[in-house]
>>> print(open('work_19.txt').read())   # compact mmCIF, C-alpha atoms
# COMPACT_ATOMS: atom_id res chain seq x y z
CA MET A 158 7.08 -3.01 -5.24
CA LYS A 159 6.80 -4.69 -1.86
CA LYS A 160 9.53 -6.44 0.05
CA ASN A 161 9.66 -10.22 -0.06
CA LYS A 162 7.68 -10.16 -3.28
CA ALA A 163 8.26 -13.23 -5.38
CA ALA A 164 9.28 -12.41 -8.93
CA ALA A 165 6.26 -13.20 -11.05
CA LEU A 166 4.35 -11.70 -13.95
CA ALA A 167 0.62 -12.09 -14.47
CA ALA A 168 -1.01 -12.95 -17.75
CA VAL A 169 -3.21 -10.19 -19.15
CA ALA A 170 -5.21 -9.39 -22.25
CA LEU A 171 -6.63 -6.24 -23.79
CA ALA A 172 -10.03 -5.46 -22.28
CA GLY A 173 -11.63 -4.72 -25.64
CA THR A 174 -10.97 -3.95 -29.27
CA PHE A 175 -8.85 -0.83 -29.44
CA VAL A 176 -6.48 0.80 -31.87
CA LEU A 177 -2.97 0.17 -30.63
CA SER A 178 -1.37 3.37 -29.38
CA GLY A 179 1.22 4.59 -31.81
CA CYS A 180 4.32 6.66 -31.10
CA THR A 181 7.44 7.87 -32.82
CA ALA A 182 9.85 6.53 -30.18
CA LYS A 183 12.16 3.61 -30.83
CA ALA A 184 12.64 0.85 -28.28
CA THR A 185 16.38 1.55 -28.18
CA ASP A 186 15.99 5.29 -27.54
CA THR A 187 17.40 6.53 -24.23
CA LEU A 188 14.60 7.18 -21.74
CA ILE A 189 16.81 7.69 -18.68
CA ASN A 190 20.41 8.77 -19.21
CA ILE A 191 22.41 7.58 -16.20
CA ASP A 192 25.61 9.33 -15.09
CA ASN A 193 26.06 11.26 -18.33
CA GLY A 194 25.94 8.29 -20.64
CA LYS A 195 27.62 5.69 -18.42
CA THR A 196 24.53 3.55 -18.92
CA LYS A 197 20.87 3.99 -19.73
CA ILE A 198 17.31 2.77 -19.36
CA THR A 199 15.76 2.38 -22.80
CA TYR A 200 12.37 3.62 -23.87
CA GLY A 201 11.40 0.05 -24.70
CA TYR A 202 12.04 -1.17 -21.17
CA GLY A 203 10.45 1.86 -19.50
CA ASN A 204 7.37 1.57 -21.69
CA PHE A 205 7.05 -2.13 -20.86
CA VAL A 206 7.30 -1.52 -17.10
CA ALA A 207 4.74 1.28 -17.32
CA LYS A 208 2.30 -0.77 -19.38
CA TYR A 209 2.71 -3.79 -17.14
CA ASN A 210 1.92 -1.59 -14.13
CA GLN A 211 -1.08 -0.23 -16.02
CA ALA A 212 -2.28 -3.77 -16.72
CA THR A 213 -2.00 -4.61 -13.02
CA TYR A 214 -4.08 -1.55 -12.07
CA ASP A 215 -6.65 -2.28 -14.77
CA GLN A 216 -7.32 -5.70 -13.29
CA TYR A 217 -8.40 -4.10 -9.99
CA TYR A 218 -9.86 -0.70 -10.89
CA LEU A 219 -11.42 -1.02 -14.34
CA GLN A 220 -14.58 -2.79 -13.17
CA TYR A 221 -15.15 -0.31 -10.33
CA MET A 222 -14.07 3.03 -11.77
CA GLY A 223 -14.90 2.73 -15.45
CA GLN A 224 -12.82 3.06 -18.59
CA ASN A 225 -11.89 6.72 -18.03
CA TYR A 226 -10.32 6.33 -14.60
CA TRP A 227 -6.78 7.00 -15.84
CA SER A 228 -7.75 10.57 -16.74
CA LYS A 229 -9.34 11.34 -13.37
CA GLU A 230 -7.46 13.93 -11.35
CA GLN A 231 -6.46 13.78 -7.71
CA GLY A 232 -4.07 16.21 -6.10
CA GLY A 233 -3.55 18.11 -9.35
CA LYS A 234 -2.43 15.07 -11.35
CA THR A 235 -4.25 12.43 -13.34
CA MET A 236 -3.95 8.86 -12.18
CA GLU A 237 -1.91 8.13 -15.29
CA GLU A 238 0.59 10.84 -14.40
CA THR A 239 0.82 9.66 -10.78
CA VAL A 240 1.44 6.02 -11.72
CA LYS A 241 3.98 6.98 -14.38
CA ASP A 242 5.85 9.08 -11.78
CA ASN A 243 5.85 6.05 -9.48
CA VAL A 244 7.14 3.85 -12.29
CA ILE A 245 10.15 6.13 -12.84
CA ASP A 246 10.83 6.25 -9.09
CA GLY A 247 10.62 2.47 -8.98
CA ILE A 248 12.97 1.99 -11.93
CA GLU A 249 15.53 4.30 -10.31
CA GLU A 250 15.16 2.54 -6.94
CA GLN A 251 15.67 -0.85 -8.51
CA TYR A 252 18.71 0.41 -10.40
CA VAL A 253 20.49 1.63 -7.25
CA ASP A 254 19.48 -1.50 -5.34
CA LYS A 255 21.16 -3.64 -7.98
CA LEU A 256 24.12 -1.24 -8.02
CA HIS A 257 24.65 -1.76 -4.28
CA ALA A 258 23.75 -5.46 -4.17
CA GLY A 259 27.39 -6.40 -3.71
CA ASP A 260 27.54 -4.33 -0.51
CA TYR A 261 25.23 -6.91 1.03
CA ASP A 262 26.54 -10.01 -0.74
CA VAL A 263 23.35 -10.18 -2.76
CA LYS A 264 23.64 -11.94 -6.08
CA LEU A 265 21.64 -14.15 -8.39
CA THR A 266 22.57 -17.79 -8.66
CA SER A 267 22.43 -19.79 -11.87
CA SER A 268 19.28 -21.39 -10.46
CA ASP A 269 17.72 -17.93 -9.92
CA LYS A 270 18.51 -16.94 -13.49
CA LYS A 271 17.04 -20.14 -14.85
CA LYS A 272 13.82 -19.59 -12.92
CA ILE A 273 13.65 -16.00 -14.16
CA GLN A 274 14.06 -17.15 -17.75
CA GLU A 275 11.34 -19.76 -17.32
CA ALA A 276 8.95 -17.28 -15.70
CA ALA A 277 9.55 -14.70 -18.43
CA LYS A 278 9.02 -17.33 -21.11
CA ASN A 279 5.81 -18.43 -19.43
CA PHE A 280 4.65 -14.80 -19.26
CA MET A 281 5.26 -14.29 -22.97
CA SER A 282 3.42 -17.46 -23.94
CA SER A 283 0.53 -16.90 -21.51
CA ASN A 284 -0.46 -13.46 -22.83
CA THR A 285 -2.43 -12.65 -25.92
CA ASP A 286 -0.54 -11.36 -28.94
CA LYS A 287 -2.36 -8.04 -28.71
CA ALA A 288 -1.45 -7.61 -25.04
CA ILE A 289 2.20 -8.43 -25.76
CA GLU A 290 2.24 -5.89 -28.58
CA GLN A 291 0.51 -3.20 -26.56
CA MET A 292 2.88 -3.66 -23.62
CA GLY A 293 5.90 -3.79 -25.90
CA ALA A 294 6.85 -6.93 -24.02
CA THR A 295 9.84 -9.05 -24.94
CA GLN A 296 11.53 -11.99 -23.30
CA ASP A 297 14.50 -9.76 -22.42
CA TYR A 298 12.35 -7.01 -20.87
CA ALA A 299 10.43 -9.55 -18.78
CA GLU A 300 13.69 -11.10 -17.58
CA ASP A 301 15.14 -7.66 -16.78
CA LEU A 302 12.08 -6.72 -14.72
CA LEU A 303 12.14 -9.97 -12.77
CA GLU A 304 15.86 -9.61 -12.16
CA TYR A 305 15.50 -6.04 -10.92
CA GLU A 306 12.60 -6.99 -8.66
CA THR A 307 14.58 -9.86 -7.18
CA TYR A 308 17.60 -7.68 -6.47
CA GLN A 309 15.34 -5.02 -4.97
CA ALA A 310 13.57 -7.45 -2.64
CA ARG A 311 16.79 -9.05 -1.44
CA VAL A 312 18.68 -5.80 -0.95
CA ARG A 313 15.72 -4.33 0.93
CA GLN A 314 15.61 -7.38 3.17
CA ALA A 315 19.36 -7.25 3.76
CA VAL A 316 19.25 -3.55 4.65
CA GLU A 317 16.34 -4.04 7.03
CA ASP A 318 17.95 -7.09 8.64
CA LYS A 319 21.06 -5.02 9.30
CA ALA A 320 19.22 -1.90 10.52
CA GLU A 321 19.33 -1.34 14.27
CA VAL A 322 16.17 0.37 15.46
CA THR A 323 14.64 0.95 18.88
CA VAL A 324 10.99 0.94 19.89
CA THR A 325 10.39 2.42 23.33
CA ASP A 326 7.77 1.21 25.80
CA ASP A 327 5.96 4.53 25.42
CA GLU A 328 5.67 3.88 21.69
CA ALA A 329 4.63 0.25 22.06
CA ASN A 330 2.48 -0.13 25.18
CA GLN A 331 -1.19 -0.72 24.37
CA SER A 332 -4.36 -0.48 26.39
CA THR A 333 -7.50 -2.27 25.22
CA VAL A 334 -11.10 -1.23 25.74
CA SER A 335 -14.45 -2.66 24.77
CA TYR A 336 -16.99 -0.13 23.53
CA VAL A 337 -20.49 0.37 22.24
CA TYR A 338 -21.53 3.16 19.90
CA PHE A 339 -24.96 4.71 19.39
CA SER A 340 -24.85 6.79 16.23
CA THR A 341 -26.71 10.09 15.90
CA ALA A 342 -25.29 10.72 12.43
CA SER A 343 -27.67 11.12 9.51
CA SER A 344 -28.54 8.06 7.45
CA THR A 345 -29.43 7.66 3.78
CA ASP A 346 -32.80 6.39 2.61
CA ALA A 347 -33.49 4.17 -0.41
CA SER A 348 -33.61 7.23 -2.66
CA GLY A 349 -30.22 8.46 -1.49
CA ASN A 350 -31.60 11.32 0.58
CA ALA A 351 -30.06 12.20 3.95
CA GLN A 352 -32.29 11.50 6.93
CA GLU A 353 -31.45 13.48 10.05
CA LYS A 354 -32.34 11.99 13.41
CA THR A 355 -34.91 13.91 15.42
CA ASP A 356 -34.24 15.28 18.90
CA ASP A 357 -36.48 12.57 20.34
CA GLU A 358 -34.50 9.87 18.54
CA LYS A 359 -31.24 11.31 19.86
CA LYS A 360 -32.63 11.38 23.40
CA ALA A 361 -33.66 7.74 23.08
CA LEU A 362 -30.16 6.78 21.88
CA LYS A 363 -28.58 8.65 24.77
CA LYS A 364 -30.87 6.81 27.17
CA GLN A 365 -29.70 3.49 25.70
CA ALA A 366 -26.09 4.55 26.21
CA GLU A 367 -26.85 5.53 29.82
CA ASN A 368 -28.37 2.10 30.45
CA VAL A 369 -25.10 0.48 29.41
CA ALA A 370 -22.98 2.97 31.34
CA ASN A 371 -24.94 2.37 34.55
CA ALA A 372 -25.06 -1.41 34.28
CA SER A 373 -22.90 -3.78 36.31
CA ASP A 374 -22.68 -6.23 33.40
CA PHE A 375 -21.43 -4.32 30.33
CA ASP A 376 -21.88 -7.13 27.81
CA LYS A 377 -25.36 -8.08 29.02
CA ALA A 378 -26.55 -4.47 29.02
CA ALA A 379 -25.14 -3.84 25.55
CA LYS A 380 -26.97 -6.91 24.22
CA ALA A 381 -30.19 -5.75 25.84
CA GLU A 382 -29.88 -2.42 24.05
CA GLY A 383 -29.13 -4.05 20.72
CA ALA A 384 -25.60 -2.63 20.63
CA LYS A 385 -22.59 -4.43 19.20
CA VAL A 386 -19.61 -4.68 21.54
CA GLU A 387 -16.30 -4.05 19.80
CA THR A 388 -12.74 -3.81 21.08
CA HIS A 389 -9.99 -1.36 20.30
CA SER A 390 -6.36 -1.08 21.38
CA TYR A 391 -4.58 2.27 21.55
CA THR A 392 -1.12 3.50 22.48
CA THR A 393 -1.32 4.14 26.20
CA LYS A 394 0.96 7.19 26.18
CA GLY A 395 0.33 8.21 22.59
CA LYS A 396 -1.45 11.36 21.45
CA SER A 397 -5.20 10.87 21.64
CA SER A 398 -5.56 12.92 18.46
CA ASP A 399 -3.51 10.33 16.55
CA ASP A 400 -6.17 7.66 17.03
CA THR A 401 -8.16 7.34 13.80
CA VAL A 402 -10.60 4.69 15.03
CA LEU A 403 -12.27 6.16 18.11
CA GLY A 404 -10.88 9.67 17.96
CA GLU A 405 -9.48 12.13 20.46
CA THR A 406 -12.56 12.64 22.65
CA VAL A 407 -13.14 8.92 23.21
CA ILE A 408 -9.46 8.08 23.77
CA ASP A 409 -9.16 10.93 26.27
CA ALA A 410 -12.05 9.35 28.18
CA ALA A 411 -10.44 5.91 27.94
CA LYS A 412 -7.26 7.21 29.53
CA LYS A 413 -9.25 8.27 32.59
CA LEU A 414 -10.23 4.66 33.29
CA THR A 415 -7.68 3.48 35.83
CA LYS A 416 -8.95 0.00 36.68
CA GLU A 417 -9.65 -3.05 34.55
CA GLY A 418 -13.38 -3.68 34.30
CA GLN A 419 -14.18 -0.01 34.95
CA ILE A 420 -17.02 1.36 32.80
CA SER A 421 -17.09 4.94 31.58
CA GLY A 422 -19.99 7.32 31.58
CA VAL A 423 -21.67 8.31 28.32
CA ILE A 424 -19.15 9.98 26.01
CA THR A 425 -20.76 12.44 23.63
CA VAL A 426 -19.01 13.09 20.33
CA LYS A 427 -20.48 15.98 18.38
CA ASP A 428 -22.15 15.02 15.10
CA LYS A 429 -21.35 11.34 15.73
CA GLY A 430 -23.18 9.99 18.75
CA TYR A 431 -22.65 8.34 22.13
CA TYR A 432 -19.95 5.93 23.26
CA VAL A 433 -19.59 3.84 26.40
CA LEU A 434 -16.29 2.14 27.26
CA ARG A 435 -15.06 -0.64 29.48
CA MET A 436 -11.38 -0.89 30.30
CA ASP A 437 -10.38 -4.47 29.54
CA LYS A 438 -6.58 -4.33 29.84
CA LEU A 439 -4.52 -1.40 31.07
CA LEU A 440 -1.50 -3.12 29.55
CA ASP A 441 -2.45 -5.54 26.82
CA LYS A 442 0.65 -7.70 26.36
CA ASP A 443 -0.46 -9.29 23.10
CA ALA A 444 -1.46 -5.99 21.52
CA THR A 445 1.78 -4.43 22.78
CA LYS A 446 3.84 -7.20 21.20
CA THR A 447 2.05 -6.72 17.89
CA GLN A 448 2.54 -2.95 18.03
CA ARG A 449 6.23 -3.34 18.82
CA GLU A 450 6.66 -5.67 15.83
CA THR A 451 4.75 -3.28 13.57
CA LEU A 452 6.77 -0.25 14.65
CA THR A 453 10.02 -2.17 14.31
CA SER A 454 9.11 -3.13 10.76
CA GLN A 455 8.11 0.44 9.94
CA LYS A 456 11.35 1.86 11.31
CA LYS A 457 13.43 -0.67 9.40
CA GLU A 458 11.56 0.25 6.23
CA GLU A 459 12.26 3.92 6.94
CA GLU A 460 15.97 3.11 7.22
CA TYR A 461 15.84 1.39 3.85
CA ASN A 462 14.00 4.33 2.26
CA LYS A 463 16.52 6.81 3.66
CA LEU A 464 19.41 4.76 2.32
CA VAL A 465 17.83 4.46 -1.14
CA LYS A 466 17.33 8.23 -1.15
CA GLN A 467 21.03 8.68 -0.41
CA TRP A 468 22.00 6.22 -3.13
CA LYS A 469 19.80 7.96 -5.69
CA LYS A 470 21.35 11.35 -4.89
CA LYS A 471 24.75 9.99 -5.90
CA VAL A 472 23.49 8.91 -9.33
CA ASN A 473 22.57 11.34 -12.08
CA PHE A 474 19.24 10.24 -13.58
CA ASP A 475 18.23 12.35 -16.58
CA LEU A 476 14.71 11.51 -17.74
CA ASN A 477 13.72 12.38 -21.29
CA GLU A 478 10.36 13.97 -20.42
CA LYS A 479 9.33 14.41 -24.07
CA LEU A 480 9.87 10.72 -24.73
CA TRP A 481 8.11 9.68 -21.53
CA LYS A 482 4.99 11.64 -22.50
CA GLN A 483 4.55 9.27 -25.43
CA VAL A 484 3.66 6.48 -23.00
CA LYS A 485 -0.13 6.57 -22.75
CA PHE A 486 -2.52 4.31 -20.85
CA THR A 487 -5.05 4.36 -23.67
CA ASP A 488 -5.78 0.70 -24.33
CA LEU A 489 -7.02 -1.13 -21.28
CA PHE A 490 -6.13 -4.61 -20.04
CA THR A 491 -8.05 -7.34 -18.30
CA ALA A 492 -6.81 -10.44 -16.50
CA LYS A 493 -6.73 -13.83 -18.15
CA THR A 494 -8.14 -16.69 -16.16
CA GLN A 495 -4.78 -18.42 -15.81
CA ASN A 496 -1.76 -16.67 -14.31
CA ALA A 497 1.86 -17.08 -15.19
CA SER A 498 4.07 -19.03 -12.78
CA GLY A 499 4.37 -17.32 -9.44
CA ASP A 500 7.41 -19.13 -8.11
CA ALA A 501 10.07 -17.77 -10.44
CA THR A 502 12.40 -16.40 -7.83
CA SER A 503 12.07 -15.40 -4.22
CA SER A 504 13.69 -12.84 -2.00
CA ASN A 505 14.09 -15.36 0.79
>>> encode(input="work_19.txt", output="structure tokens")
Amino acid sequence: MKKNKAAALAAVALAGTFVLSGCTAKATDTLINIDNGKTKITYGYGNFVAKYNQATYDQYYLQYMGQNYWSKEQGGKTMEETVKDNVIDGIEEQYVDKLHAGDYDVKLTSSDKKKIQEAAKNFMSSNTDKAIEQMGATQDYAEDLLEYETYQARVRQAVEDKAEVTVTDDEANQSTVSYVYFSTASSTDASGNAQEKTDDEKKALKKQAENVANASDFDKAAKAEGAKVETHSYTTKGKSSDDTVLGETVIDAAKKLTKEGQISGVITVKDKGYYVLRMDKLLDKDATKTQRETLTSQKKEEEYNKLVKQWKKKVNFDLNEKLWKQVKFTDLFTAKTQNASGDATSSN
């Protein structure tokens, strides 16, 4: 549920011929009791949101992970359990966003509502009958989901626009290096067997790295050795261990380069290979600007998440776990070739 997401629903179909999952729950049963009966989220709506999320995942993962991917475990939970947990969190987040929409003068216009109705109608007509039945989709549920998503996107944007955050120079400033890498890691042959490099091969790779390190023209020497020159920007005063691209050893070496154009010696990284660096920009203004924008966005999002957490603590959400277990991702979905309208409403 990303910010600035336009309210839209994709058309899907069942991926094959399956027996529709049966259950004893009624659509009107209370799935989430809110504030001791003040209001509720029905089983019908919760089931629809869950199945629609499932359909979205199926479009991306089914062809790569196979038909049993929902039962695969990661971190002690199946993927089905993880996604269902996320669905409940999302429903609760959307509820409190709508509840606090007035705090930010967020509301839906008659034009918004008309677009939502049209998009929901298009969604219902664009899906196969079997997919509609399996999702438990109705015009009202589709409209409710689009309405909640629109409120969520606009409230999120309003909160982030209002949030005052600071990004320091130490957090933002970026240095940029060019580098070449000669890998000593094992490779895999056509049969899938690991092939370790010999000592002689490793010595030859180190010699290539030395040729680049000792050259006056970094790019020319790298080309002569058949190495690809790549660039990387890192936080100048950040922790070297936080860098996930080049890693602590290489970033530590980069920080010792004090002049632009300076070339490092050969940097040996155990079990990986040899690196050679050239300092391109001690302070890369463009990369720094991008990093500042990224960190500002992240901090604003953190402010929104903290506020939502506070809002949710003030609301009593009581999930009927027994009822929720009846929602199963048994029958799989596939995308139809034509999508429903994607311009229903916008968070702009």
>>> closest_atom_pairs(input="work_19.txt", of="region 257-311 of chain A", to="region 451-466 of chain A", cutoff="12 Å", atoms="all atoms listed in the file", output="CSV")
residue,atom,partner,partner_atom,distance
A:His257,CA,A:Val465,CA,9.7
A:Ala258,CA,A:Val465,CA,11.9
A:Gln309,CA,A:Val465,CA,10.5
A:Ala310,CA,A:Tyr461,CA,11.2
A:Arg311,CA,A:Tyr461,CA,11.7
>>> closest_residue(input="work_19.txt", among="A:Val240, A:Val484, A:Val386, A:Leu440", to="Thr213 (chain A)", atoms="all atoms listed in the file")
A:Val240
>>> closest_residue(input="work_19.txt", among="A:Ser332, A:Thr239, A:Thr345, A:Thr401", to="Lys413 (chain A)", atoms="only C-alpha atoms")
A:Ser332
>>> closest_residue(input="work_19.txt", among="A:Tyr202, A:Phe474, A:Tyr431, A:Tyr305", to="Tyr336 (chain A)", atoms="all atoms listed in the file")
A:Tyr431
>>> closest_residue(input="work_19.txt", among="A:Gln216, A:Asn371, A:Asn210, A:Ser348", to="Glu237 (chain A)", atoms="only C-alpha atoms")
A:Asn210
>>> atom_distance(input="work_19.txt", atom1="CA of Gly201 (chain A)", atom2="CA of Gln231 (chain A)")
28.2 Å
>>> atom_distance(input="work_19.txt", atom1="CA of Leu188 (chain A)", atom2="CA of Glu275 (chain A)")
27.5 Å
>>> atom_distance(input="work_19.txt", atom1="CA of Trp468 (chain A)", atom2="CA of Gly203 (chain A)")
20.5 Å
>>> residues_near_point(input="work_19.txt", point="(-18.9, 5.0, 28.9)", cutoff="12 Å", atoms="only C-alpha atoms", output="PyMOL selection string")
chain A and resi 334-339+363+365-372+375+379+406-414+418-426+431-436
>>> closest_residue(input="work_19.txt", among="A:Ser343, A:Thr355, A:Ser390, A:Thr445", to="Lys429 (chain A)", atoms="all atoms listed in the file")
A:Ser343
>>> residues_around(input="work_19.txt", residues="Ala277 (chain A)", least_positions_apart="4", cutoff="7 Å", atoms="all atoms listed in the file", output="NGL selection string")
:A and (273 or 281 or 296 or 299-300)
>>> closest_residue(input="work_19.txt", among="A:Ala351, A:Asp488, A:Thr388, A:Asp475", to="Ile245 (chain A)", atoms="only C-alpha atoms")
A:Asp475
>>> residues_around(input="work_19.txt", residues="Tyr308 (chain A)", least_positions_apart="5", cutoff="8 Å", atoms="only C-alpha atoms", output="short mmCIF file (atom, residue, chain, number, x, y, z; two decimals) with C-alpha atoms, keeping the file's coordinate frame")
data_model
loop_
_atom_site.label_atom_id
_atom_site.label_comp_id
_atom_site.auth_asym_id
_atom_site.auth_seq_id
_atom_site.Cartn_x
_atom_site.Cartn_y
_atom_site.Cartn_z
CA GLN A 251 15.67 -0.85 -8.51
CA ASP A 254 19.48 -1.50 -5.34
CA LYS A 255 21.16 -3.64 -7.98
CA ALA A 258 23.75 -5.46 -4.17
CA VAL A 263 23.35 -10.18 -2.76
CA LYS A 264 23.64 -11.94 -6.08
CA LEU A 265 21.64 -14.15 -8.39
CA SER A 504 13.69 -12.84 -2.00
#
>>> residues_around(input="work_19.txt", residues="Ala212 (chain A)", least_positions_apart="4", cutoff="8 Å", atoms="all atoms listed in the file", output="PyMOL selection string")
chain A and resi 169+208+216+489-491
>>> residues_near_point(input="work_19.txt", point="(-32.5, 13.3, 16.0)", cutoff="12 Å", atoms="all atoms listed in the file", output="PDB file with C-alpha atoms, in the frame of the given file")
ATOM      1  CA  PHE A 339     -24.960   4.710  19.390  1.00  0.00           C
ATOM      2  CA  SER A 340     -24.850   6.790  16.230  1.00  0.00           C
ATOM      3  CA  THR A 341     -26.710  10.090  15.900  1.00  0.00           C
ATOM      4  CA  ALA A 342     -25.290  10.720  12.430  1.00  0.00           C
ATOM      5  CA  SER A 343     -27.670  11.120   9.510  1.00  0.00           C
ATOM      6  CA  SER A 344     -28.540   8.060   7.450  1.00  0.00           C
ATOM      7  CA  GLN A 352     -32.290  11.500   6.930  1.00  0.00           C
ATOM      8  CA  GLU A 353     -31.450  13.480  10.050  1.00  0.00           C
ATOM      9  CA  LYS A 354     -32.340  11.990  13.410  1.00  0.00           C
ATOM     10  CA  THR A 355     -34.910  13.910  15.420  1.00  0.00           C
ATOM     11  CA  ASP A 356     -34.240  15.280  18.900  1.00  0.00           C
ATOM     12  CA  ASP A 357     -36.480  12.570  20.340  1.00  0.00           C
ATOM     13  CA  GLU A 358     -34.500   9.870  18.540  1.00  0.00           C
ATOM     14  CA  LYS A 359     -31.240  11.310  19.860  1.00  0.00           C
ATOM     15  CA  LYS A 360     -32.630  11.380  23.400  1.00  0.00           C
ATOM     16  CA  ALA A 361     -33.660   7.740  23.080  1.00  0.00           C
ATOM     17  CA  LEU A 362     -30.160   6.780  21.880  1.00  0.00           C
ATOM     18  CA  LYS A 363     -28.580   8.650  24.770  1.00  0.00           C
ATOM     19  CA  ASP A 428     -22.150  15.020  15.100  1.00  0.00           C
ATOM     20  CA  LYS A 429     -21.350  11.340  15.730  1.00  0.00           C
ATOM     21  CA  GLY A 430     -23.180   9.990  18.750  1.00  0.00           C
TER      22      GLY A 430
END
>>> residues_around(input="work_19.txt", residues="Phe486 (chain A)", least_positions_apart="4", cutoff="12 Å", atoms="only C-alpha atoms", output="compact mmCIF listing (two decimals) with C-alpha atoms, in the frame of the given file")
# COMPACT_ATOMS: atom_id res chain seq x y z
CA LEU A 171 -6.63 -6.24 -23.79
CA PHE A 175 -8.85 -0.83 -29.44
CA LEU A 177 -2.97 0.17 -30.63
CA SER A 178 -1.37 3.37 -29.38
CA GLY A 179 1.22 4.59 -31.81
CA ASN A 204 7.37 1.57 -21.69
CA PHE A 205 7.05 -2.13 -20.86
CA ALA A 207 4.74 1.28 -17.32
CA LYS A 208 2.30 -0.77 -19.38
CA TYR A 209 2.71 -3.79 -17.14
CA ASN A 210 1.92 -1.59 -14.13
CA GLN A 211 -1.08 -0.23 -16.02
CA ALA A 212 -2.28 -3.77 -16.72
CA THR A 213 -2.00 -4.61 -13.02
CA TYR A 214 -4.08 -1.55 -12.07
CA ASP A 215 -6.65 -2.28 -14.77
CA GLN A 224 -12.82 3.06 -18.59
CA ASN A 225 -11.89 6.72 -18.03
CA TYR A 226 -10.32 6.33 -14.60
CA TRP A 227 -6.78 7.00 -15.84
CA SER A 228 -7.75 10.57 -16.74
CA THR A 235 -4.25 12.43 -13.34
CA MET A 236 -3.95 8.86 -12.18
CA GLU A 237 -1.91 8.13 -15.29
CA GLU A 238 0.59 10.84 -14.40
CA THR A 239 0.82 9.66 -10.78
CA VAL A 240 1.44 6.02 -11.72
CA LYS A 241 3.98 6.98 -14.38
CA GLN A 291 0.51 -3.20 -26.56
CA MET A 292 2.88 -3.66 -23.62
CA TRP A 481 8.11 9.68 -21.53
CA LYS A 482 4.99 11.64 -22.50
CA PHE A 490 -6.13 -4.61 -20.04
>>> build_atoms(input="work_19.txt", residues="region 354-365 of chain A", atoms="N, CA, C and O atoms", output="PDB file, keeping the file's coordinate frame")
ATOM      1  N   LYS A 354     -31.621  12.516  12.255  1.00  0.00           N
ATOM      2  CA  LYS A 354     -32.340  11.990  13.410  1.00  0.00           C
ATOM      3  C   LYS A 354     -32.996  13.143  14.167  1.00  0.00           C
ATOM      4  O   LYS A 354     -32.432  14.228  14.287  1.00  0.00           O
ATOM      5  N   THR A 355     -34.178  12.885  14.664  1.00  0.00           N
ATOM      6  CA  THR A 355     -34.910  13.910  15.420  1.00  0.00           C
ATOM      7  C   THR A 355     -34.322  14.029  16.822  1.00  0.00           C
ATOM      8  O   THR A 355     -33.565  13.156  17.278  1.00  0.00           O
ATOM      9  N   ASP A 356     -34.696  15.096  17.516  1.00  0.00           N
ATOM     10  CA  ASP A 356     -34.240  15.280  18.900  1.00  0.00           C
ATOM     11  C   ASP A 356     -34.715  14.137  19.783  1.00  0.00           C
ATOM     12  O   ASP A 356     -33.988  13.680  20.681  1.00  0.00           O
ATOM     13  N   ASP A 357     -35.945  13.680  19.538  1.00  0.00           N
ATOM     14  CA  ASP A 357     -36.480  12.570  20.340  1.00  0.00           C
ATOM     15  C   ASP A 357     -35.683  11.290  20.100  1.00  0.00           C
ATOM     16  O   ASP A 357     -35.419  10.519  21.040  1.00  0.00           O
ATOM     17  N   GLU A 358     -35.293  11.052  18.850  1.00  0.00           N
ATOM     18  CA  GLU A 358     -34.500   9.870  18.540  1.00  0.00           C
ATOM     19  C   GLU A 358     -33.130   9.945  19.199  1.00  0.00           C
ATOM     20  O   GLU A 358     -32.615   8.947  19.719  1.00  0.00           O
ATOM     21  N   LYS A 359     -32.547  11.126  19.212  1.00  0.00           N
ATOM     22  CA  LYS A 359     -31.240  11.310  19.860  1.00  0.00           C
ATOM     23  C   LYS A 359     -31.341  11.097  21.365  1.00  0.00           C
ATOM     24  O   LYS A 359     -30.446  10.500  21.974  1.00  0.00           O
ATOM     25  N   LYS A 360     -32.430  11.568  21.958  1.00  0.00           N
ATOM     26  CA  LYS A 360     -32.630  11.380  23.400  1.00  0.00           C
ATOM     27  C   LYS A 360     -32.767   9.893  23.723  1.00  0.00           C
ATOM     28  O   LYS A 360     -32.242   9.411  24.734  1.00  0.00           O
ATOM     29  N   ALA A 361     -33.469   9.175  22.862  1.00  0.00           N
ATOM     30  CA  ALA A 361     -33.660   7.740  23.080  1.00  0.00           C
ATOM     31  C   ALA A 361     -32.322   7.000  22.975  1.00  0.00           C
ATOM     32  O   ALA A 361     -32.043   6.084  23.765  1.00  0.00           O
ATOM     33  N   LEU A 362     -31.477   7.406  22.029  1.00  0.00           N
ATOM     34  CA  LEU A 362     -30.160   6.780  21.880  1.00  0.00           C
ATOM     35  C   LEU A 362     -29.285   7.076  23.091  1.00  0.00           C
ATOM     36  O   LEU A 362     -28.548   6.196  23.570  1.00  0.00           O
ATOM     37  N   LYS A 363     -29.379   8.301  23.585  1.00  0.00           N
ATOM     38  CA  LYS A 363     -28.580   8.650  24.770  1.00  0.00           C
ATOM     39  C   LYS A 363     -29.037   7.832  25.979  1.00  0.00           C
ATOM     40  O   LYS A 363     -28.207   7.400  26.800  1.00  0.00           O
ATOM     41  N   LYS A 364     -30.345   7.609  26.077  1.00  0.00           N
ATOM     42  CA  LYS A 364     -30.870   6.810  27.170  1.00  0.00           C
ATOM     43  C   LYS A 364     -30.355   5.380  27.091  1.00  0.00           C
ATOM     44  O   LYS A 364     -29.991   4.778  28.119  1.00  0.00           O
ATOM     45  N   GLN A 365     -30.257   4.829  25.881  1.00  0.00           N
ATOM     46  CA  GLN A 365     -29.700   3.490  25.700  1.00  0.00           C
ATOM     47  C   GLN A 365     -28.241   3.452  26.164  1.00  0.00           C
ATOM     48  O   GLN A 365     -27.812   2.491  26.832  1.00  0.00           O
TER      49      GLN A 365
END
